[in-house]
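Coordinates as given in final.cif (mmCIF, C-alpha atoms):
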data_query
#
loop_
_atom_site.label_atom_id
_atom_site.label_comp_id
_atom_site.auth_asym_id
_atom_site.auth_seq_id
_atom_site.Cartn_x
_atom_site.Cartn_y
_atom_site.Cartn_z
CA MET A 1 83.20 -23.90 3.86
CA HIS A 2 81.30 -25.05 0.81
CA ARG A 3 81.32 -28.67 1.92
CA THR A 4 79.89 -27.65 5.29
CA ARG A 5 77.10 -25.71 3.65
CA VAL A 6 76.13 -28.65 1.46
CA ARG A 7 76.04 -30.94 4.49
CA ILE A 8 73.77 -28.55 6.39
CA VAL A 9 71.45 -28.30 3.38
CA GLU A 10 71.27 -32.09 3.11
CA ASN A 11 70.42 -32.43 6.80
CA VAL A 12 67.71 -29.80 6.46
CA LEU A 13 66.21 -31.61 3.48
CA ASP A 14 66.30 -34.98 5.31
CA ALA A 15 64.46 -33.47 8.29
CA ASN A 16 61.99 -31.86 5.90
CA ASP A 17 61.28 -35.19 4.19
CA MET A 18 60.55 -36.84 7.54
CA LEU A 19 58.06 -34.14 8.49
CA ALA A 20 56.54 -34.19 5.01
CA ARG A 21 55.85 -37.91 5.44
CA ALA A 22 54.12 -37.19 8.75
CA ASN A 23 51.96 -34.55 7.07
CA ARG A 24 51.13 -36.96 4.24
CA ASP A 25 50.09 -39.61 6.79
CA ASP A 26 47.76 -37.09 8.42
CA PHE A 27 46.25 -36.16 5.05
CA ASN A 28 45.75 -39.83 4.18
CA ARG A 29 44.19 -40.67 7.54
CA ALA A 30 41.65 -37.87 7.04
CA GLY A 31 41.02 -38.81 3.41
CA VAL A 32 42.28 -35.41 2.23
CA VAL A 33 44.04 -34.86 -1.08
CA ALA A 34 46.67 -32.10 -0.78
CA VAL A 35 47.74 -29.95 -3.75
CA ASN A 36 50.85 -27.74 -3.52
CA LEU A 37 50.29 -24.68 -5.75
CA MET A 38 53.47 -22.80 -6.67
CA SER A 39 54.49 -19.84 -8.84
CA ALA A 40 56.54 -16.67 -9.05
CA PRO A 41 55.15 -13.63 -7.21
CA GLY A 42 52.08 -12.21 -8.92
CA ALA A 43 51.50 -15.06 -11.38
CA GLY A 44 47.83 -15.21 -10.38
CA LYS A 45 47.48 -18.10 -7.91
CA THR A 46 45.00 -16.32 -5.64
CA THR A 47 42.88 -14.94 -8.50
CA LEU A 48 42.70 -18.45 -9.93
CA LEU A 49 41.64 -19.92 -6.59
CA GLU A 50 38.96 -17.23 -6.28
CA ARG A 51 37.61 -18.47 -9.63
CA VAL A 52 37.53 -22.18 -8.90
CA LEU A 53 37.21 -22.84 -5.16
CA ALA A 54 33.59 -21.76 -4.91
CA ALA A 55 32.62 -24.01 -7.81
CA LEU A 56 33.85 -27.42 -6.68
CA GLY A 57 30.37 -28.82 -6.01
CA ASP A 58 30.41 -31.60 -3.42
CA VAL A 59 34.18 -31.35 -2.88
CA ARG A 60 34.87 -29.81 0.52
CA VAL A 61 37.96 -27.66 0.07
CA GLY A 62 40.22 -25.76 2.46
CA VAL A 63 43.27 -23.59 1.88
CA LEU A 64 46.61 -23.34 3.61
CA GLU A 65 47.91 -19.91 2.65
CA GLY A 66 51.65 -19.24 2.68
CA ASP A 67 53.03 -15.70 2.63
CA VAL A 68 56.19 -14.06 3.88
CA GLN A 69 54.07 -11.41 5.56
CA GLY A 70 50.46 -10.29 5.63
CA THR A 71 47.07 -11.94 5.34
CA LEU A 72 45.76 -10.25 2.18
CA ASP A 73 45.38 -13.46 0.20
CA ALA A 74 43.83 -15.33 3.12
CA ALA A 75 41.23 -12.58 3.49
CA ARG A 76 40.41 -12.74 -0.25
CA LEU A 77 39.90 -16.51 -0.07
CA ALA A 78 38.02 -16.51 3.24
CA SER A 79 35.36 -14.38 1.56
CA LEU A 80 34.55 -17.50 -0.53
CA HIS A 81 33.46 -19.17 2.72
CA VAL A 82 36.10 -21.88 2.60
CA PRO A 83 38.28 -22.52 5.66
CA VAL A 84 41.61 -20.72 5.23
CA THR A 85 44.62 -21.13 7.52
CA GLN A 86 47.43 -18.60 7.22
CA ILE A 87 51.15 -19.34 7.54
CA GLU A 88 53.32 -16.23 7.72
CA THR A 89 56.91 -17.31 7.19
CA SER A 90 58.12 -14.08 8.79
CA ALA A 91 56.41 -14.97 12.07
CA GLY A 92 58.75 -17.41 13.78
CA PHE A 93 60.15 -18.94 10.60
CA GLY A 94 62.83 -16.36 9.72
CA GLY A 95 61.05 -14.88 6.69
CA GLU A 96 61.63 -18.01 4.61
CA CYS A 97 61.04 -17.74 0.85
CA HIS A 98 59.08 -21.00 0.74
CA LEU A 99 56.83 -23.21 2.82
CA ASP A 100 58.46 -26.26 4.33
CA ALA A 101 57.04 -29.38 5.95
CA ASN A 102 57.68 -28.05 9.46
CA MET A 103 55.64 -24.89 8.88
CA VAL A 104 52.77 -26.93 7.45
CA ARG A 105 53.05 -29.38 10.38
CA ALA A 106 52.80 -26.46 12.83
CA ALA A 107 49.69 -25.18 11.05
CA LEU A 108 47.84 -28.49 10.70
CA PRO A 109 46.12 -28.36 14.12
CA SER A 110 44.31 -25.26 12.80
CA VAL A 111 43.16 -27.03 9.62
CA PRO A 112 39.84 -28.92 9.90
CA LEU A 113 41.15 -31.95 7.99
CA ASP A 114 38.24 -34.20 8.99
CA ASP A 115 35.82 -31.81 7.28
CA LEU A 116 37.77 -31.61 4.01
CA ASP A 117 38.27 -33.63 0.84
CA LEU A 118 40.82 -31.29 -0.73
CA LEU A 119 43.47 -29.00 0.76
CA VAL A 120 45.09 -26.46 -1.56
CA ILE A 121 48.43 -25.25 -0.19
CA GLU A 122 49.22 -21.89 -1.78
CA ASN A 123 52.97 -21.57 -1.52
CA VAL A 124 55.09 -18.40 -1.20
CA GLY A 125 55.65 -16.70 -4.57
CA ASN A 126 59.07 -17.97 -5.67
CA LEU A 127 60.31 -20.05 -8.62
CA VAL A 128 63.21 -21.71 -6.79
CA CYS A 129 62.92 -23.06 -3.24
CA PRO A 130 59.27 -24.17 -3.04
CA ALA A 131 60.19 -26.92 -5.52
CA GLU A 132 62.91 -28.18 -3.17
CA PHE A 133 60.79 -28.50 -0.04
CA GLY A 134 57.94 -30.97 -0.22
CA VAL A 135 55.28 -30.40 2.44
CA GLY A 136 53.54 -33.78 2.21
CA GLU A 137 51.37 -32.90 -0.79
CA HIS A 138 49.99 -35.52 -3.21
CA HIS A 139 50.13 -33.24 -6.25
CA ARG A 140 52.28 -30.32 -7.35
CA VAL A 141 50.90 -27.70 -9.71
CA MET A 142 52.59 -24.52 -10.87
CA VAL A 143 51.25 -21.34 -12.41
CA SER A 144 53.46 -19.65 -15.02
CA SER A 145 52.35 -16.25 -16.27
CA VAL A 146 53.08 -15.32 -19.87
CA THR A 147 54.19 -11.89 -18.61
CA GLU A 148 57.27 -13.57 -17.11
CA GLY A 149 58.78 -14.41 -20.48
CA GLU A 150 59.41 -17.43 -22.69
CA ASP A 151 62.70 -18.32 -21.03
CA LYS A 152 61.47 -19.24 -17.56
CA PRO A 153 61.45 -23.07 -17.97
CA LEU A 154 65.12 -22.91 -19.00
CA LYS A 155 66.07 -20.58 -16.13
CA TYR A 156 64.10 -22.35 -13.38
CA PRO A 157 64.06 -25.97 -14.59
CA LEU A 158 63.65 -27.58 -11.15
CA MET A 159 60.27 -25.94 -10.57
CA PHE A 160 58.99 -26.86 -14.04
CA ARG A 161 60.23 -30.44 -13.57
CA ALA A 162 58.85 -30.84 -10.05
CA CYS A 163 55.24 -30.24 -11.01
CA GLU A 164 52.80 -32.57 -12.74
CA LEU A 165 50.63 -29.80 -14.21
CA VAL A 166 51.57 -26.36 -15.55
CA LEU A 167 48.92 -23.65 -15.68
CA VAL A 168 49.94 -21.07 -18.31
CA ASN A 169 48.15 -17.96 -17.06
CA LYS A 170 47.32 -14.39 -18.18
CA LEU A 171 46.67 -15.51 -21.75
CA ASP A 172 44.50 -12.39 -22.21
CA LEU A 173 47.70 -10.30 -22.23
CA LEU A 174 49.33 -12.20 -25.11
CA PRO A 175 48.40 -9.58 -27.78
CA HIS A 176 50.30 -6.96 -25.77
CA LEU A 177 53.51 -8.93 -25.09
CA ASP A 178 56.59 -10.02 -26.98
CA PHE A 179 55.89 -13.61 -26.00
CA ASP A 180 55.74 -16.50 -28.43
CA LEU A 181 53.62 -19.24 -26.90
CA ASP A 182 55.07 -21.96 -29.13
CA THR A 183 58.60 -21.04 -28.03
CA PHE A 184 57.56 -21.17 -24.37
CA LEU A 185 55.96 -24.59 -24.84
CA GLN A 186 59.10 -25.85 -26.61
CA HIS A 187 61.16 -24.69 -23.62
CA LEU A 188 58.69 -26.38 -21.28
CA ASP A 189 58.98 -29.65 -23.20
CA ALA A 190 62.76 -29.32 -23.19
CA VAL A 191 62.88 -29.45 -19.38
CA HIS A 192 59.77 -31.58 -18.69
CA PRO A 193 58.75 -33.41 -21.87
CA GLY A 194 55.02 -33.79 -22.27
CA VAL A 195 54.05 -32.38 -18.87
CA PRO A 196 50.31 -31.62 -18.94
CA ARG A 197 49.56 -27.93 -19.36
CA LEU A 198 46.42 -25.83 -19.34
CA LEU A 199 46.24 -22.45 -21.09
CA MET A 200 44.10 -19.95 -19.23
CA SER A 201 43.34 -16.48 -18.01
CA ALA A 202 42.26 -16.39 -14.38
CA ARG A 203 41.23 -12.76 -14.97
CA THR A 204 38.78 -13.45 -17.82
CA GLY A 205 37.98 -17.02 -16.78
CA GLU A 206 39.08 -18.46 -20.13
CA GLY A 207 40.37 -22.00 -19.70
CA VAL A 208 39.78 -22.07 -15.96
CA GLU A 209 37.08 -24.74 -16.16
CA ALA A 210 39.64 -27.38 -17.11
CA PHE A 211 41.56 -26.73 -13.89
CA ARG A 212 38.35 -26.86 -11.88
CA GLU A 213 37.66 -30.28 -13.40
CA TRP A 214 41.21 -31.38 -12.64
CA LEU A 215 40.79 -30.42 -8.97
CA VAL A 216 37.49 -32.29 -8.71
CA ALA A 217 39.07 -35.32 -10.36
CA VAL A 218 42.08 -35.49 -8.02
CA ALA A 219 39.90 -34.78 -4.97
CA THR A 220 37.66 -37.70 -5.81
CA ARG A 221 40.75 -39.79 -6.58
CA GLU A 222 39.67 -40.50 -10.10
CA PRO A 223 42.42 -40.54 -12.69
CA ALA A 224 43.38 -36.96 -13.52
CA ALA A 225 41.34 -35.60 -16.40
CA VAL A 226 44.37 -33.87 -17.84
CA GLY A 227 46.96 -35.54 -19.95
CA MET B 1 65.02 -27.22 16.50
CA HIS B 2 63.76 -23.78 15.66
CA ARG B 3 66.36 -22.13 17.90
CA THR B 4 69.10 -24.12 16.14
CA ARG B 5 67.88 -23.00 12.77
CA VAL B 6 67.89 -19.34 13.76
CA ARG B 7 71.43 -19.66 15.06
CA ILE B 8 72.61 -21.23 11.79
CA VAL B 9 70.95 -18.46 9.79
CA GLU B 10 72.62 -15.78 11.92
CA ASN B 11 76.01 -17.39 11.43
CA VAL B 12 75.46 -17.57 7.68
CA LEU B 13 74.50 -13.88 7.57
CA ASP B 14 77.55 -12.90 9.66
CA ALA B 15 79.85 -14.77 7.28
CA ASN B 16 78.07 -13.16 4.34
CA ASP B 17 78.59 -9.68 5.76
CA MET B 18 82.32 -10.30 6.18
CA LEU B 19 82.67 -11.39 2.55
CA ALA B 20 80.47 -8.52 1.38
CA ARG B 21 82.86 -6.07 3.06
CA ALA B 22 85.77 -7.70 1.25
CA ASN B 23 83.94 -7.32 -2.07
CA ARG B 24 83.16 -3.69 -1.28
CA ASP B 25 86.83 -3.05 -0.52
CA ASP B 26 87.76 -4.50 -3.91
CA PHE B 27 85.17 -2.32 -5.66
CA ASN B 28 86.44 0.78 -3.86
CA ARG B 29 90.09 0.03 -4.61
CA ALA B 30 89.25 -0.24 -8.32
CA GLY B 31 87.01 2.85 -8.25
CA VAL B 32 84.00 0.80 -9.27
CA VAL B 33 80.44 1.61 -8.18
CA ALA B 34 78.39 -1.58 -7.75
CA VAL B 35 74.60 -1.69 -8.17
CA ASN B 36 72.60 -4.73 -7.03
CA LEU B 37 69.55 -5.06 -9.30
CA MET B 38 66.76 -7.22 -7.89
CA SER B 39 63.23 -8.28 -8.86
CA ALA B 40 60.80 -11.16 -9.13
CA PRO B 41 61.30 -13.54 -12.08
CA GLY B 42 60.35 -11.94 -15.37
CA ALA B 43 59.97 -8.34 -14.12
CA GLY B 44 62.15 -7.08 -16.96
CA LYS B 45 65.65 -6.58 -15.52
CA THR B 46 67.50 -7.87 -18.57
CA THR B 47 65.31 -6.01 -21.08
CA LEU B 48 65.94 -2.82 -19.11
CA LEU B 49 69.70 -3.39 -19.09
CA GLU B 50 69.62 -4.01 -22.84
CA ARG B 51 68.04 -0.55 -23.17
CA VAL B 52 70.44 1.42 -20.99
CA LEU B 53 73.85 -0.27 -20.88
CA ALA B 54 74.84 0.64 -24.43
CA ALA B 55 73.96 4.30 -23.82
CA LEU B 56 76.07 5.18 -20.79
CA GLY B 57 78.53 7.35 -22.71
CA ASP B 58 81.92 7.52 -21.02
CA VAL B 59 80.86 5.23 -18.16
CA ARG B 60 82.59 1.87 -18.57
CA VAL B 61 80.08 -0.73 -17.39
CA GLY B 62 80.24 -4.46 -16.72
CA VAL B 63 77.63 -6.97 -15.60
CA LEU B 64 77.69 -9.80 -13.09
CA GLU B 65 74.79 -12.00 -14.10
CA GLY B 66 73.15 -14.27 -11.54
CA ASP B 67 70.90 -17.13 -12.56
CA VAL B 68 69.96 -20.45 -11.04
CA GLN B 69 70.77 -22.13 -14.34
CA GLY B 70 71.62 -21.15 -17.89
CA THR B 71 73.39 -18.29 -19.61
CA LEU B 72 70.52 -16.83 -21.65
CA ASP B 73 70.64 -13.39 -20.02
CA ALA B 74 74.43 -13.23 -20.12
CA ALA B 75 74.32 -13.94 -23.86
CA ARG B 76 71.73 -11.19 -24.40
CA LEU B 77 73.88 -8.65 -22.56
CA ALA B 78 77.19 -9.75 -24.07
CA SER B 79 75.79 -8.79 -27.48
CA LEU B 80 75.92 -5.18 -26.23
CA HIS B 81 79.72 -5.54 -26.11
CA VAL B 82 79.97 -5.03 -22.37
CA PRO B 83 81.92 -7.53 -20.23
CA VAL B 84 79.51 -10.02 -18.66
CA THR B 85 80.45 -12.59 -16.02
CA GLN B 86 77.96 -15.36 -15.30
CA ILE B 87 77.26 -16.87 -11.88
CA GLU B 88 75.11 -20.02 -12.04
CA THR B 89 73.91 -20.73 -8.52
CA SER B 90 73.18 -24.35 -9.50
CA ALA B 91 76.85 -24.92 -10.33
CA GLY B 92 78.55 -25.54 -6.98
CA PHE B 93 76.23 -23.32 -4.95
CA GLY B 94 73.33 -25.72 -4.35
CA GLY B 95 70.87 -23.95 -6.66
CA GLU B 96 70.50 -21.00 -4.29
CA CYS B 97 67.60 -18.64 -4.92
CA HIS B 98 69.78 -15.54 -4.54
CA LEU B 99 73.31 -14.33 -5.01
CA ASP B 100 75.40 -14.07 -1.86
CA ALA B 101 78.71 -12.40 -1.13
CA ASN B 102 80.64 -15.65 -1.42
CA MET B 103 79.37 -16.32 -4.96
CA VAL B 104 80.26 -12.79 -6.02
CA ARG B 105 83.67 -13.16 -4.33
CA ALA B 106 84.32 -16.35 -6.29
CA ALA B 107 83.40 -14.60 -9.54
CA LEU B 108 85.40 -11.38 -9.02
CA PRO B 109 88.68 -12.71 -10.48
CA SER B 110 86.80 -13.00 -13.81
CA VAL B 111 85.51 -9.41 -13.65
CA PRO B 112 87.84 -6.77 -15.18
CA LEU B 113 87.32 -4.32 -12.29
CA ASP B 114 90.24 -2.10 -13.25
CA ASP B 115 88.61 -1.41 -16.62
CA LEU B 116 85.19 -0.50 -15.17
CA ASP B 117 83.46 2.46 -13.55
CA LEU B 118 80.17 0.68 -12.92
CA LEU B 119 79.27 -2.95 -12.17
CA VAL B 120 75.63 -3.95 -12.41
CA ILE B 121 74.92 -7.15 -10.47
CA GLU B 122 71.75 -8.72 -11.87
CA ASN B 123 70.44 -10.89 -9.05
CA VAL B 124 68.41 -14.11 -9.28
CA GLY B 125 64.70 -13.42 -9.84
CA ASN B 126 63.21 -13.61 -6.33
CA LEU B 127 61.41 -11.11 -4.08
CA VAL B 128 62.63 -12.54 -0.78
CA CYS B 129 66.21 -13.70 -0.21
CA PRO B 130 68.23 -11.35 -2.46
CA ALA B 131 67.24 -8.54 -0.06
CA GLU B 132 68.74 -10.48 2.87
CA PHE B 133 72.15 -11.15 1.36
CA GLY B 134 74.24 -8.10 0.56
CA VAL B 135 77.04 -8.79 -1.91
CA GLY B 136 79.12 -5.64 -1.27
CA GLU B 137 77.08 -3.33 -3.51
CA HIS B 138 76.92 0.44 -3.03
CA HIS B 139 73.35 0.76 -4.28
CA ARG B 140 70.28 -1.45 -4.31
CA VAL B 141 67.64 -1.04 -6.98
CA MET B 142 64.56 -3.16 -7.55
CA VAL B 143 62.27 -3.62 -10.52
CA SER B 144 58.59 -4.18 -9.76
CA SER B 145 56.34 -5.05 -12.69
CA VAL B 146 52.75 -3.82 -12.65
CA THR B 147 51.71 -7.30 -13.84
CA GLU B 148 52.61 -8.62 -10.38
CA GLY B 149 49.76 -6.79 -8.65
CA GLU B 150 49.25 -3.84 -6.31
CA ASP B 151 49.82 -5.86 -3.16
CA LYS B 152 53.47 -6.79 -3.60
CA PRO B 153 55.00 -4.09 -1.29
CA LEU B 154 52.77 -5.35 1.54
CA LYS B 155 53.60 -9.00 0.88
CA TYR B 156 57.35 -8.61 0.35
CA PRO B 157 58.16 -5.55 2.50
CA LEU B 158 61.82 -6.39 3.13
CA MET B 159 62.72 -6.16 -0.55
CA PHE B 160 60.86 -2.86 -1.03
CA ARG B 161 62.53 -1.46 2.13
CA ALA B 162 66.02 -2.67 1.27
CA CYS B 163 66.27 -0.72 -1.97
CA GLU B 164 66.88 2.98 -2.53
CA LEU B 165 65.16 3.15 -5.92
CA VAL B 166 62.09 1.32 -7.23
CA LEU B 167 61.62 0.95 -10.98
CA VAL B 168 57.92 0.42 -11.70
CA ASN B 169 58.05 -1.45 -15.01
CA LYS B 170 55.72 -2.64 -17.80
CA LEU B 171 53.65 0.52 -17.62
CA ASP B 172 52.56 -0.11 -21.24
CA LEU B 173 50.40 -2.99 -19.95
CA LEU B 174 48.42 -0.84 -17.49
CA PRO B 175 45.38 -0.43 -19.79
CA HIS B 176 45.03 -4.22 -19.87
CA LEU B 177 45.35 -4.93 -16.14
CA ASP B 178 43.26 -4.59 -13.00
CA PHE B 179 46.04 -2.59 -11.40
CA ASP B 180 45.55 0.80 -9.78
CA LEU B 181 48.86 2.65 -9.84
CA ASP B 182 47.87 5.01 -7.02
CA THR B 183 47.03 2.07 -4.76
CA PHE B 184 50.38 0.45 -5.54
CA LEU B 185 52.24 3.68 -4.74
CA GLN B 186 50.31 4.02 -1.47
CA HIS B 187 51.38 0.49 -0.54
CA LEU B 188 54.96 1.34 -1.51
CA ASP B 189 54.92 4.43 0.71
CA ALA B 190 53.40 2.41 3.52
CA VAL B 191 56.45 0.13 3.68
CA HIS B 192 59.16 2.56 2.47
CA PRO B 193 57.87 6.14 2.78
CA GLY B 194 59.08 8.44 0.03
CA VAL B 195 61.44 5.94 -1.61
CA PRO B 196 62.39 7.31 -5.06
CA ARG B 197 60.55 5.59 -7.86
CA LEU B 198 60.67 5.76 -11.64
CA LEU B 199 57.71 4.74 -13.81
CA MET B 200 58.74 3.08 -17.05
CA SER B 201 58.31 0.50 -19.74
CA ALA B 202 61.55 -1.22 -20.68
CA ARG B 203 59.70 -2.67 -23.68
CA THR B 204 58.65 0.66 -25.22
CA GLY B 205 61.49 2.69 -23.71
CA GLU B 206 59.12 5.10 -21.95
CA GLY B 207 60.71 6.47 -18.77
CA VAL B 208 63.94 4.53 -19.23
CA GLU B 209 66.04 7.67 -19.80
CA ALA B 210 65.65 8.67 -16.14
CA PHE B 211 67.20 5.38 -15.02
CA ARG B 212 70.05 5.81 -17.51
CA GLU B 213 70.72 9.23 -16.00
CA TRP B 214 70.59 7.75 -12.50
CA LEU B 215 73.18 5.11 -13.43
CA VAL B 216 75.50 7.74 -14.93
CA ALA B 217 75.07 9.89 -11.84
CA VAL B 218 75.94 7.15 -9.35
CA ALA B 219 78.80 5.88 -11.54
CA THR B 220 80.38 9.35 -11.56
CA ARG B 221 79.67 9.63 -7.82
CA GLU B 222 77.59 12.73 -8.27
CA PRO B 223 74.54 13.00 -6.03
CA ALA B 224 71.84 10.75 -7.43
CA ALA B 225 69.56 12.57 -9.86
CA VAL B 226 66.50 10.87 -8.44
CA GLY B 227 64.74 12.07 -5.33
#
Starting from the file, lay out its structure as structure tokens.
Amino acid sequence: MHRTRVRIVENVLDANDMLARANRDDFNRAGVVAVNLMSAPGAGKTTLLERVLAALGDVRVGVLEGDVQGTLDAARLASLHVPVTQIETSAGFGGECHLDANMVRAALPSVPLDDLDLLVIENVGNLVCPAEFGVGEHHRVMVSSVTEGEDKPLKYPLMFRACELVLVNKLDLLPHLDFDLDTFLQHLDAVHPGVPRLLMSARTGEGVEAFREWLVAVATREPAAVG
Amino acid sequence: MHRTRVRIVENVLDANDMLARANRDDFNRAGVVAVNLMSAPGAGKTTLLERVLAALGDVRVGVLEGDVQGTLDAARLASLHVPVTQIETSAGFGGECHLDANMVRAALPSVPLDDLDLLVIENVGNLVCPAEFGVGEHHRVMVSSVTEGEDKPLKYPLMFRACELVLVNKLDLLPHLDFDLDTFLQHLDAVHPGVPRLLMSARTGEGVEAFREWLVAVATREPAAVG
């Protein structure tokens, strides 16, 4: 039974990769840079996007918003007057715990790619499966909240390895937590040595400017400003 | 393709239910009450168990510890001198984002059921799939941290509906968050009206006693003290 399950999973991932390539081709044709933003539930992805998306200057940005159910985050981001397209994984996709390339493919006709330079794909809150299913993105970024504990890179190494930038969020809460930042960063370097990281609080705005600059840099295809 | 996927998922869930019943039969034969403890990553499940497991009096408790990778939590709990059995979902189970009945079935020979009254199954940190895969448990409890935001019941309704007790954790951080507890509880009641809930901080110990009493009550098969 186990061998059968592994074979099914491999077939699913092969099909996903094919559709991810098709999505990537569409992004490239339109000159759009796609960023897959991942985290555990409640790590602060939407609050962070509220901070930065309205301040990208000439960069025309849109959002593809993934949730199991509901349109709360999409409504928050639409108020910034950026085009937001919602994917509910419970609606026709079996309540999946992650976005996959097929869901993004199905949503793309509703995304005004020709009017965008940058598409931020806000994934479903989950530290496991989103890292396994590419959706055609050019860049993978994850948000890790200090409230989640120092041990998360060791417990969810695939996610921390799959991304090229780690945003360490909710730094304003550090004085109230049993969380040693140096220990967390050692764990991060143990699973993804030297991966760029930005320390920030999306709530207070501290450190957020560096991520804004990173987004502008990747959207204009300059070398990333982080490293 | 979508229809095929749905059919595969239904078959997987049917097989899971069959194995879950077999697990439940084993628990019942041994007179063990099994509690499936679920939450997002970093909501405080292990810290809470550290608080209560050593204080259960005559109740003989064991833990089945689910993680994608690593044995950090198992080591923390083993120091309480309770029997802990680790399931790594990355080892032979494809890095699954949840425990399922088959994984628990494979681990049961290592669990000293005949020496236990209570088995706490600490699931993988994830607000989606653990609610879909029963493992044979008698009770489902979830931990929801106030750091995750007021909107989580609306965004992950299945998990909040699947459980019979919600532990609202990290209450000590409330003064430092933009989190309105009344709004959260309204959202909770919107998806699972009247579900019992306990407000607590596993870090400070506030409110933890009520959960300890609940565990003792279910382990001795008295009517649950919460309601």
Take the PyMOL selection byres ((chain A) within 6 of (chain B)), run it mentally on this structure, and tell me the resulting residues as an mmCIF file with C-alpha atoms, keeping the file's coordinate frame.
data_model
loop_
_atom_site.group_PDB
_atom_site.id
_atom_site.type_symbol
_atom_site.label_atom_id
_atom_site.label_comp_id
_atom_site.auth_asym_id
_atom_site.auth_seq_id
_atom_site.Cartn_x
_atom_site.Cartn_y
_atom_site.Cartn_z
ATOM 1 C CA GLY A 42 52.080 -12.210 -8.920
ATOM 2 C CA GLN A 69 54.070 -11.410 5.560
ATOM 3 C CA GLY A 70 50.460 -10.290 5.630
ATOM 4 C CA CYS A 97 61.040 -17.740 0.850
ATOM 5 C CA VAL A 128 63.210 -21.710 -6.790
ATOM 6 C CA GLU A 148 57.270 -13.570 -17.110
ATOM 7 C CA GLY A 149 58.780 -14.410 -20.480
ATOM 8 C CA LYS A 155 66.070 -20.580 -16.130
#
(request) Using atom CA of Ser144 of chain A and atom CA of Leu53 of chain A as the two end points, give the distance in Å to one decimal. (result) 19.3 Å
(request) Choose the residue, out of A:Arg161, A:Arg60, A:Arg197, A:Arg140, that has the smallest atom-to-atom separation from Thr220 of chain A; count only C-alpha atoms. (result) A:Arg60
(request) Just give me the gap between atom CA of Leu77 of chain A and atom CA of Glu50 of chain A in Å, one decimal is fine. (result)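 Separating atom CA of Leu77 of chain A from atom CA of Glu50 of chain A is a distance of 6.3 Å.
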(message) Between atom CA of Asn28 of chain A and atom CA of Asp114 of chain A, what distance in Å does the model show, to one decimal?
(response) 10.5 Å
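Put simply, the PyMOL selection byres ((chain B and resi 81) around 10) on this file hits Leu53, Ala54, Val61, Gly62, Arg76, Leu77, Ala78, Ser79, Leu80, Val82, Pro83 and Val84 of chain B.
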(message) Give me, as a PyMOL selection string, all polymer residues having an atom no more than 10 Å from Ala210 of chain B, counting all atoms listed in the file and skipping those fewer than 4 positions away in the same chain.
(response) chain B and resi 52+198-200+206+214-216+225-226
(message) Please expand the PyMOL selection byres ((chain A and resi 137) around 10) into the concrete residues it hits in this file, giving the result as a list of chain:residue names.
(response)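 Output of the PyMOL selection byres ((chain A and resi 137) around 10): A:Ala20, A:Arg21, A:Asn23, A:Arg24, A:Phe27, A:Val32, A:Val33, A:Ala34, A:Val35, A:Asn36, A:Leu37, A:Ala101, A:Leu119, A:Val120, A:Ile121, A:Gly134, A:Val135, A:Gly136, A:His138, A:His139, A:Arg140.
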